[in-house]
Amino acid sequence: MKISFYVLSESKAQDFLGFICQLTQTALNKSTQSLLILIEDETLLTTLDTALWAQEATSFIPHQCLSDDGKRTEAKIIDTDSADAHVFNQSRAPVLLGRHMPADFAGIVLNTTTRPVNDFMAVTNNAKPSRILELIKPDTTSTQAGRDKYKAYQQLGYELTHFKV
């Protein structure tokens, strides 16, 4: 498995939501696989949910939030011409947001947590992500968590790369 670490500059960390949206769009443009964004912070999950729908004035990133019981919640597309929300076909949303990994997940994982993705894989059935994207902010907690995750992945023999952004 290939793991890419993105070590964020201070400016990228200040626009953390914007960077996640940008990286999500890039991953979707380069792959046909689904993308799971692992998030443990409820506030980040809520603000990212909103940010993905309003990524740019003329576009959005279709996504769904996973409920804590493992089911996908209904995804909605907001019609900018009216206040009505239209239900988006649940099976077609390319991006999932959640605090856990769904059973049998086999796409790309963007990890915003301090835990390695293997912790999430250990509690689900047959999850085999194809690639992991790790975000490291320029603060002590995130940097130490990044080092710990790097060592854990290295011990498992994963292919590791890192980028300073």
# chains A, B, ... in the order shown; residues from 1 in each chain; ligands from 1
>>> residues_around(residues="segment 15-24 of chain A", least_positions_apart="3", cutoff="7 Å", atoms="only C-alpha atoms", output="PyMOL selection string")
chain A and resi 11-12+27-28+48+52+55
>>> write_last_selection(atoms="all heavy atoms", output="short mmCIF file (atom, residue, chain, number, x, y, z; two decimals), in the first residue's frame")
data_model
loop_
_atom_site.label_atom_id
_atom_site.label_comp_id
_atom_site.auth_asym_id
_atom_site.auth_seq_id
_atom_site.Cartn_x
_atom_site.Cartn_y
_atom_site.Cartn_z
N SER A 11 0.87 28.41 6.29
CA SER A 11 -0.24 28.99 5.52
C SER A 11 -1.25 27.93 5.10
O SER A 11 -2.46 28.18 5.11
CB SER A 11 0.28 29.75 4.30
OG SER A 11 0.94 28.88 3.41
N LYS A 12 -0.79 26.75 4.71
CA LYS A 12 -1.72 25.67 4.34
C LYS A 12 -2.50 25.20 5.57
O LYS A 12 -3.68 24.88 5.48
CB LYS A 12 -0.98 24.49 3.71
CG LYS A 12 -0.40 24.77 2.35
CD LYS A 12 -1.45 24.92 1.30
CE LYS A 12 -0.81 25.08 -0.06
NZ LYS A 12 -1.76 25.43 -1.09
N ALA A 27 -7.60 14.20 -5.84
CA ALA A 27 -7.71 12.74 -5.78
C ALA A 27 -8.84 12.24 -6.67
O ALA A 27 -8.69 11.23 -7.37
CB ALA A 27 -7.92 12.29 -4.33
N LEU A 28 -9.95 12.95 -6.67
CA LEU A 28 -11.08 12.55 -7.52
C LEU A 28 -10.76 12.70 -9.00
O LEU A 28 -11.19 11.89 -9.82
CB LEU A 28 -12.33 13.37 -7.18
CG LEU A 28 -12.96 13.10 -5.82
CD1 LEU A 28 -14.11 14.06 -5.56
CD2 LEU A 28 -13.43 11.66 -5.71
N LEU A 48 -16.36 20.74 7.33
CA LEU A 48 -15.93 20.16 6.06
C LEU A 48 -17.12 19.74 5.21
O LEU A 48 -17.11 19.93 3.99
CB LEU A 48 -14.99 18.97 6.29
CG LEU A 48 -14.42 18.33 5.02
CD1 LEU A 48 -13.64 19.34 4.18
CD2 LEU A 48 -13.54 17.15 5.38
N LEU A 52 -17.31 21.27 1.46
CA LEU A 52 -17.30 20.46 0.24
C LEU A 52 -18.47 20.78 -0.69
O LEU A 52 -18.34 20.69 -1.90
CB LEU A 52 -17.30 18.96 0.59
CG LEU A 52 -16.00 18.42 1.18
CD1 LEU A 52 -16.21 17.00 1.70
CD2 LEU A 52 -14.87 18.46 0.18
N GLN A 55 -17.40 24.27 -2.45
CA GLN A 55 -15.97 24.34 -2.79
C GLN A 55 -15.66 25.55 -3.66
O GLN A 55 -14.76 26.29 -3.40
CB GLN A 55 -15.50 23.05 -3.46
CG GLN A 55 -14.14 23.06 -4.09
CD GLN A 55 -13.01 23.38 -3.14
OE1 GLN A 55 -13.17 23.44 -1.94
NE2 GLN A 55 -11.84 23.63 -3.68
#
>>> residues_around(residues="Glu10 of chain A", least_positions_apart="4", cutoff="12 Å", atoms="only C-alpha atoms", output="list in words")
Gln14, Asp15, Phe16, Phe19, Ile136, Lys137, Pro138, Asp139, Lys164 and Val165 of chain A
>>> closest_residue(among="A:Thr141, A:Thr124, A:Thr161, A:Val117", to="Phe105 of chain A", atoms="only C-alpha atoms")
A:Thr124
>>> closest_residue(among="A:Thr114, A:Ser34, A:Ser4, A:Thr46", to="Tyr158 of chain A", atoms="only C-alpha atoms")
A:Ser4
>>> closest_residue(among="A:Ala51, A:Ser130, A:Ile39, A:Leu97", to="Gln64 of chain A", atoms="only C-alpha atoms")
A:Leu97
>>> residues_around(residues="Gly146 of chain A", least_positions_apart="2", cutoff="8 Å", atoms="only C-alpha atoms", output="ChimeraX atom specification")
/A:114,134,136,142-144,148-150
>>> write_last_selection(atoms="C-alpha atoms", output="mmCIF file, in the first residue's frame")
data_model
loop_
_atom_site.group_PDB
_atom_site.id
_atom_site.type_symbol
_atom_site.label_atom_id
_atom_site.label_comp_id
_atom_site.auth_asym_id
_atom_site.auth_seq_id
_atom_site.Cartn_x
_atom_site.Cartn_y
_atom_site.Cartn_z
ATOM 1 C CA THR A 114 -3.840 11.374 14.951
ATOM 2 C CA GLU A 134 -1.881 11.639 5.742
ATOM 3 C CA ILE A 136 0.517 16.704 9.118
ATOM 4 C CA SER A 142 0.326 16.660 14.726
ATOM 5 C CA THR A 143 4.069 16.371 14.053
ATOM 6 C CA GLN A 144 4.533 13.725 16.773
ATOM 7 C CA ASP A 148 4.367 7.709 15.095
ATOM 8 C CA LYS A 149 2.213 6.898 12.061
ATOM 9 C CA TYR A 150 5.261 6.926 9.781
#
>>> atom_distance(atom1="atom CA of Thr47 of chain A", atom2="atom CA of Tyr153 of chain A")
29.2 Å
>>> closest_residue(among="A:Asp49, A:Lys2, A:Thr112, A:Ile132", to="Leu96 of chain A", atoms="only C-alpha atoms")
A:Asp49
>>> atom_distance(atom1="atom CA of Ser9 of chain A", atom2="atom CA of Asn29 of chain A")
23.6 Å
>>> atom_distance(atom1="atom CA of Asp104 of chain A", atom2="atom CA of Ala54 of chain A")
29.4 Å
>>> closest_residue(among="A:Leu44, A:Leu135, A:Leu38, A:Leu8", to="Asn118 of chain A", atoms="only C-alpha atoms")
A:Leu38
